[in-house]
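Structure below is upload06.csv: CSV, C-alpha atoms.
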```csv
chain,number,residue,atom,x,y,z
A,21,GLY,CA,-23.8,-22.2,4.7
A,22,ASP,CA,-22.3,-25.6,5.0
A,23,SER,CA,-23.5,-27.8,7.8
A,24,VAL,CA,-23.2,-31.3,9.2
A,25,THR,CA,-26.0,-33.1,11.0
A,26,GLN,CA,-25.4,-36.3,12.9
A,27,MET,CA,-27.6,-38.4,15.1
A,28,GLU,CA,-27.8,-37.3,18.6
A,29,GLY,CA,-26.7,-39.6,21.3
A,30,PRO,CA,-26.0,-41.0,23.6
A,31,VAL,CA,-25.9,-44.4,22.0
A,32,THR,CA,-25.5,-47.4,24.3
A,33,LEU,CA,-24.7,-50.8,22.9
A,34,SER,CA,-23.6,-54.2,24.2
A,35,GLU,CA,-20.2,-55.5,23.0
A,36,GLU,CA,-20.4,-57.2,19.6
A,37,ALA,CA,-23.5,-55.2,18.6
A,38,PHE,CA,-23.8,-53.5,15.2
A,39,LEU,CA,-23.2,-49.8,15.1
A,40,THR,CA,-24.6,-47.1,12.9
A,41,ILE,CA,-24.2,-43.4,13.4
A,42,ASN,CA,-26.0,-41.3,10.8
A,43,CYS,CA,-24.5,-38.2,9.3
A,44,THR,CA,-25.8,-36.0,6.6
A,45,TYR,CA,-24.2,-32.8,5.2
A,46,THR,CA,-25.2,-29.7,3.2
A,47,ALA,CA,-22.6,-28.0,1.0
A,48,THR,CA,-22.5,-25.9,-2.1
A,49,GLY,CA,-19.7,-27.9,-3.7
A,50,TYR,CA,-18.2,-31.4,-3.1
A,51,PRO,CA,-16.7,-31.5,0.3
A,52,SER,CA,-14.3,-34.1,1.7
A,53,LEU,CA,-15.9,-36.0,4.6
A,54,PHE,CA,-14.3,-37.3,7.7
A,55,TRP,CA,-15.1,-39.1,10.9
A,56,TYR,CA,-13.1,-38.1,13.9
A,57,VAL,CA,-13.1,-39.9,17.3
A,58,GLN,CA,-12.5,-38.4,20.7
A,59,TYR,CA,-11.6,-40.7,23.5
A,60,PRO,CA,-12.2,-39.5,27.1
A,61,GLY,CA,-9.7,-36.8,28.1
A,62,GLU,CA,-8.1,-36.7,24.7
A,63,GLY,CA,-8.1,-34.7,21.5
A,64,LEU,CA,-9.7,-35.6,18.3
A,65,GLN,CA,-8.2,-38.3,16.1
A,66,LEU,CA,-8.9,-39.0,12.5
A,67,LEU,CA,-10.8,-42.2,12.2
A,68,LEU,CA,-11.5,-42.4,8.4
A,69,LYS,CA,-12.1,-40.1,5.4
A,70,ALA,CA,-13.5,-40.0,1.9
A,71,THR,CA,-12.7,-37.3,-0.6
A,72,LYS,CA,-15.2,-38.0,-3.4
A,73,ALA,CA,-18.6,-39.6,-4.1
A,74,ASP,CA,-18.8,-43.4,-3.7
A,75,ASP,CA,-15.4,-43.5,-1.8
A,76,LYS,CA,-15.4,-45.8,1.2
A,77,GLY,CA,-13.3,-44.9,4.1
A,78,SER,CA,-12.3,-47.6,6.6
A,79,ASN,CA,-10.2,-48.0,9.7
A,80,LYS,CA,-10.2,-50.3,12.8
A,81,GLY,CA,-13.3,-52.1,11.5
A,82,PHE,CA,-15.3,-48.8,11.0
A,83,GLU,CA,-16.6,-47.9,7.5
A,84,ALA,CA,-18.4,-45.0,5.9
A,85,THR,CA,-19.4,-44.5,2.3
A,86,TYR,CA,-19.7,-41.0,0.7
A,87,ARG,CA,-23.2,-41.0,-0.8
A,88,LYS,CA,-23.7,-37.9,-3.0
A,89,GLU,CA,-27.3,-38.8,-3.9
A,90,THR,CA,-28.3,-38.8,-0.2
A,91,THR,CA,-25.7,-36.4,1.0
A,92,SER,CA,-24.7,-38.9,3.7
A,93,PHE,CA,-21.7,-40.4,5.3
A,94,HIS,CA,-23.0,-42.9,7.9
A,95,LEU,CA,-20.5,-44.6,10.2
A,96,GLU,CA,-20.8,-48.3,10.7
A,97,LYS,CA,-19.1,-51.1,12.5
A,98,GLY,CA,-20.2,-54.7,12.5
A,99,SER,CA,-19.1,-55.6,16.1
A,100,VAL,CA,-18.3,-52.9,18.6
A,101,GLN,CA,-15.9,-53.3,21.5
A,102,VAL,CA,-15.8,-51.7,24.9
A,103,SER,CA,-12.7,-49.8,23.7
A,104,ASP,CA,-14.8,-48.1,21.0
A,105,SER,CA,-16.5,-46.0,23.7
A,106,ALA,CA,-15.9,-42.4,22.7
A,107,VAL,CA,-17.5,-39.4,21.0
A,108,TYR,CA,-17.7,-39.6,17.2
A,109,PHE,CA,-17.7,-36.4,15.1
A,110,CYS,CA,-18.8,-36.2,11.5
A,111,VAL,CA,-16.8,-33.5,9.7
A,112,SER,CA,-16.8,-31.9,6.3
A,113,ILE,CA,-14.3,-29.7,4.6
A,114,PRO,CA,-15.8,-27.9,1.6
A,115,GLY,CA,-13.5,-27.8,-1.5
A,116,SER,CA,-10.3,-26.0,-0.9
A,117,ASN,CA,-11.5,-24.3,2.3
A,118,TYR,CA,-9.5,-25.3,5.3
A,119,LYS,CA,-12.3,-24.7,7.8
A,120,LEU,CA,-13.8,-27.9,9.2
A,121,THR,CA,-17.5,-28.0,9.7
A,122,PHE,CA,-18.3,-30.3,12.7
A,123,GLY,CA,-21.3,-32.2,13.6
A,124,LYS,CA,-22.3,-32.0,17.3
A,125,GLY,CA,-20.8,-35.4,18.1
A,126,THR,CA,-22.4,-38.6,19.2
A,127,LEU,CA,-21.4,-40.3,22.5
A,128,LEU,CA,-21.1,-44.0,22.1
A,129,THR,CA,-20.9,-46.2,25.2
A,130,VAL,CA,-20.3,-49.9,24.8
A,131,ASN,CA,-21.0,-52.2,27.7
A,132,PRO,CA,-19.3,-55.6,28.3
B,28,ASP,CA,6.9,-37.2,16.1
B,29,ALA,CA,5.4,-36.2,19.5
B,30,GLY,CA,2.3,-34.8,17.9
B,31,VAL,CA,0.7,-31.5,18.7
B,32,ILE,CA,1.7,-30.4,22.2
B,33,GLN,CA,-0.5,-28.1,24.4
B,34,SER,CA,0.2,-26.7,27.8
B,35,PRO,CA,-1.1,-26.5,30.4
B,36,ARG,CA,-3.4,-29.5,30.3
B,37,HIS,CA,-5.6,-28.0,33.0
B,38,GLU,CA,-5.9,-24.4,34.1
B,39,VAL,CA,-8.1,-23.1,36.9
B,40,THR,CA,-8.2,-19.3,37.4
B,41,GLU,CA,-10.3,-16.6,38.8
B,42,MET,CA,-12.5,-14.2,36.9
B,43,GLY,CA,-10.5,-11.2,35.7
B,44,GLN,CA,-7.2,-13.0,35.5
B,45,GLU,CA,-5.2,-13.3,32.3
B,46,VAL,CA,-4.9,-16.8,30.9
B,47,THR,CA,-2.3,-17.9,28.3
B,48,LEU,CA,-2.6,-21.2,26.5
B,49,ARG,CA,0.3,-22.6,24.5
B,50,CYS,CA,0.6,-24.8,21.5
B,51,LYS,CA,3.5,-26.4,19.7
B,52,PRO,CA,2.4,-27.8,16.3
B,53,ILE,CA,3.9,-30.8,14.5
B,54,SER,CA,7.2,-29.9,13.0
B,55,GLY,CA,6.9,-29.0,9.3
B,56,HIS,CA,3.2,-28.2,9.5
B,57,ASP,CA,2.3,-24.8,8.0
B,58,TYR,CA,-1.3,-24.5,9.3
B,59,LEU,CA,-2.3,-24.0,12.9
B,60,PHE,CA,-5.8,-23.9,14.3
B,61,TRP,CA,-7.3,-23.0,17.7
B,62,TYR,CA,-10.7,-24.5,18.6
B,63,ARG,CA,-13.0,-24.2,21.6
B,64,GLN,CA,-15.2,-27.1,22.8
B,65,THR,CA,-18.2,-26.6,25.1
B,66,MET,CA,-21.2,-28.7,25.8
B,67,MET,CA,-23.6,-26.0,24.5
B,68,ARG,CA,-21.8,-25.0,21.3
B,69,GLY,CA,-19.7,-28.1,20.4
B,70,LEU,CA,-16.5,-27.4,18.6
B,71,GLU,CA,-15.9,-23.9,17.3
B,72,LEU,CA,-13.0,-22.7,15.2
B,73,LEU,CA,-11.6,-19.6,16.8
B,74,ILE,CA,-8.7,-18.7,14.5
B,75,TYR,CA,-6.2,-20.3,12.1
B,76,PHE,CA,-2.7,-19.4,10.8
B,77,ASN,CA,-0.9,-20.2,7.7
B,78,ASN,CA,2.9,-19.8,7.7
B,79,ASN,CA,2.5,-17.9,11.0
B,80,VAL,CA,0.1,-15.4,9.6
B,81,PRO,CA,-3.5,-15.2,10.9
B,82,ILE,CA,-5.8,-16.0,8.0
B,83,ASP,CA,-9.3,-16.1,9.6
B,84,ASP,CA,-10.1,-14.9,13.1
B,85,SER,CA,-13.8,-14.5,12.6
B,86,GLY,CA,-14.4,-17.1,15.3
B,87,MET,CA,-12.7,-15.2,18.0
B,88,PRO,CA,-15.5,-14.3,20.4
B,89,GLU,CA,-14.5,-10.8,21.4
B,90,ASP,CA,-11.6,-8.5,22.0
B,91,ARG,CA,-10.7,-10.3,25.2
B,92,PHE,CA,-9.3,-13.1,23.1
B,93,SER,CA,-6.0,-12.8,21.1
B,94,ALA,CA,-3.8,-15.3,19.4
B,95,LYS,CA,-0.2,-15.0,18.2
B,96,MET,CA,2.2,-17.2,16.3
B,97,PRO,CA,5.7,-15.7,16.6
B,98,ASN,CA,7.3,-18.6,14.8
B,99,ALA,CA,6.5,-21.9,13.1
B,100,SER,CA,6.9,-23.9,16.3
B,101,PHE,CA,4.8,-21.9,18.8
B,102,SER,CA,1.5,-20.3,19.2
B,103,THR,CA,-0.4,-18.7,22.1
B,104,LEU,CA,-4.1,-18.0,22.8
B,105,LYS,CA,-4.6,-15.4,25.4
B,106,ILE,CA,-7.7,-14.4,27.3
B,107,GLN,CA,-7.6,-11.1,29.2
B,108,PRO,CA,-9.6,-10.6,31.3
B,109,SER,CA,-11.1,-14.1,31.7
B,110,GLU,CA,-14.7,-14.7,32.5
B,111,PRO,CA,-16.6,-17.8,33.7
B,112,ARG,CA,-18.2,-18.3,30.3
B,113,ASP,CA,-14.8,-18.8,28.8
B,114,SER,CA,-14.6,-22.2,30.7
B,115,ALA,CA,-14.1,-24.8,28.0
B,116,VAL,CA,-11.6,-27.2,26.5
B,117,TYR,CA,-9.3,-25.4,24.0
B,118,PHE,CA,-7.8,-27.5,21.3
B,119,CYS,CA,-4.9,-26.7,19.0
B,120,ALA,CA,-4.5,-28.5,15.7
B,121,SER,CA,-1.9,-28.4,12.9
B,122,LYS,CA,-1.7,-29.6,9.3
B,123,SER,CA,0.5,-29.6,6.3
B,124,GLY,CA,-1.0,-28.3,3.1
B,125,PRO,CA,-4.2,-30.0,2.2
B,126,ASP,CA,-3.5,-32.9,4.6
B,127,THR,CA,-5.6,-33.9,7.6
B,128,GLN,CA,-5.6,-31.8,10.8
B,129,TYR,CA,-3.9,-33.3,13.8
B,130,PHE,CA,-5.3,-32.3,17.2
B,131,GLY,CA,-3.5,-31.8,20.5
B,132,PRO,CA,-4.9,-33.2,23.7
B,133,GLY,CA,-6.5,-29.9,24.7
B,134,THR,CA,-6.4,-27.5,27.6
B,135,ARG,CA,-9.3,-27.7,30.0
B,136,LEU,CA,-9.9,-24.1,31.3
B,137,THR,CA,-12.0,-23.4,34.3
B,138,VAL,CA,-12.7,-19.8,35.2
B,139,LEU,CA,-14.2,-19.4,38.7
```

Turn this file's structure into structure tokens for me.
Amino acid sequence: GDSVTQMEGPVTLSEEAFLTINCTYTATGYPSLFWYVQYPGEGLQLLLKATKADDKGSNKGFEATYRKETTSFHLEKGSVQVSDSAVYFCVSIPGSNYKLTFGKGTLLTVNP
Amino acid sequence: DAGVIQSPRHEVTEMGQEVTLRCKPISGHDYLFWYRQTMMRGLELLIYFNNNVPIDDSGMPEDRFSAKMPNASFSTLKIQPSEPRDSAVYFCASKSGPDTQYFGPGTRLTVL
């Protein structure tokens, strides 16, 4: 079945450091890919998305590129802030199926 | 729009008691999803509705769990009788057609 694998945390960085959170997927078709973010005590919020190969999703300084050849959708940010501290989930939606497949989440802590 | 509304935000109950979680989706959304989040299992889809009709309840753990959607603006998730292993954060999400899912803030359930 479809699955999403993301790097396990926790990840601890200093403010202004470069962030990469790796995510790879397996799917029978061509899924849409998403990164969701969950701030402490809150629900999940969509951070960015890409619906086809080579698409780049971006938002709030975060970027991720849909790489079909490596089945990856790595999340990056050039300079993290303390306010970026949260849990990040890589998510796929295969084709027309409405069921999200979640990665296990990566806890990011950014220290001042 | 107020977003997806869930109540209560926190619920503490004793084993064997009935628990009812409530969700009001975003107005105009025709899909509603119930998820459970635990440290051990991450995010799991329990059930989802389309136009108030349950489409896939394969994630509902057992007969103690039931969900209803009597109209387009309200859904409940009921656990009867509750057990300590049901302790988790329960999220409701809604969407319109193929659009992105929007999550509520969650209900943190503790069963003693």

Subject >> Residue among B:Leu104, B:Leu139, B:Cys119, B:Val46 lying closest to chain A, counting all atoms listed in the file >> reply: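 Closest to chain A of all the choices is B:Cys119.
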
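As for CA of Gln128 (chain B) and CA of Leu66 (chain A), they are spaced 8.1 Å apart.
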
**OP:** Provide as a list in words the residues of chain B at most 8 Å from chain A, counting all atoms listed in the file.
**Re:** Gly69, Leu70, Leu72, Phe118, Pro125, Thr127, Tyr129, Phe130, Gly131, Pro132 and Gly133 of chain B

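Of note, CA of Gly86 (chain B) and CA of Gly30 (chain B) are spaced 24.5 Å apart.
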
**OP:** Measure the distance from CA of Thr103 (chain B) to CA of Ile113 (chain A) in Å and round it to one decimal.
**Re:**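 Answer for the CA of Thr103 (chain B) to CA of Ile113 (chain A) separation: 24.9 Å.
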
**OP:** Go through A:Thr90, A:Ser23, A:Ser52, A:Gln101 and flag the residue nearest Leu39 (chain A), using all atoms listed in the file for the distances.
**Re:**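 The shortest atom-to-atom distance to Leu39 (chain A) comes from A:Gln101.
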
**OP:** Check the smallest atom-to-atom distance from each of A:Tyr86, A:Thr40, A:Leu67, A:Val111 to Val24 (chain A) using all atoms listed in the file, then report the winner.
**Re:**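 For Val24 (chain A), the nearest of the given residues is A:Val111.
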
Subject >> Nearest to Gly81 (chain A), chosen from A:Gly21, A:Leu68, A:Ser112, A:Phe93, with only C-alpha atoms counted in the distances >> reply: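 The shortest atom-to-atom distance to Gly81 (chain A) comes from A:Leu68.
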
**OP:** Rank nothing, just name the residue among B:Ser121, B:Gln64, B:Ser109, B:Thr40 nearest to Phe76 (chain B), using only C-alpha atoms.
**Re:** B:Ser121

**OP:** Find, counting all atoms listed in the file, the residue in A:Val130, A:Leu33, A:Ile41, A:Ala84 that gets nearest to Ser105 (chain A).
**Re:**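 For Ser105 (chain A), the nearest of the given residues is A:Val130.
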
Subject >> Surrounding residues of Met27 (chain A) excluding itself and chain neighbours under 2 positions, 7 Å, only C-alpha atoms, as a list in words >> reply: Thr25, Gly29, Ile41, Asn42, Cys43 and Thr126 of chain A

Original post:
Skipping near chain neighbours, those fewer than 5 positions away, what residues fall within 7 Å of Thr85 (chain A) using only C-alpha atoms, listed as a list of chain:residue names?
Top reply: A:Asp74, A:Asp75, A:Lys76, A:Gly77, A:Phe93, A:His94

Subject >> Spatial neighbours of Ile82 (chain B), max dist 12 Å, only C-alpha atoms, sep filter under 6 positions, as an MDAnalysis selection string >> reply: (chainID A and resid 117:119) or (chainID B and resid 57:60 73:76 94:96)

Can I get the selection written as a compact mmCIF listing (two decimals), in the coordinates of the input, with C-alpha atoms?
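What follows is the written file out36.txt:
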```
# COMPACT_ATOMS: atom_id res chain seq x y z
CA ASN A 117 -11.50 -24.30 2.30
CA TYR A 118 -9.50 -25.30 5.30
CA LYS A 119 -12.30 -24.70 7.80
CA ASP B 57 2.30 -24.80 8.00
CA TYR B 58 -1.30 -24.50 9.30
CA LEU B 59 -2.30 -24.00 12.90
CA PHE B 60 -5.80 -23.90 14.30
CA LEU B 73 -11.60 -19.60 16.80
CA ILE B 74 -8.70 -18.70 14.50
CA TYR B 75 -6.20 -20.30 12.10
CA PHE B 76 -2.70 -19.40 10.80
CA ALA B 94 -3.80 -15.30 19.40
CA LYS B 95 -0.20 -15.00 18.20
CA MET B 96 2.20 -17.20 16.30
```

Original post:
Do you know which residues are at most 9 Å from Gln44 (chain B) counting all atoms listed in the file, after dropping those on the same chain fewer than 5 positions away, and could you put them as a list in words?
Top reply: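 The contact residues come out as Ile106, Gln107, Pro108, Ser109, Glu110 and Val138 of chain B.
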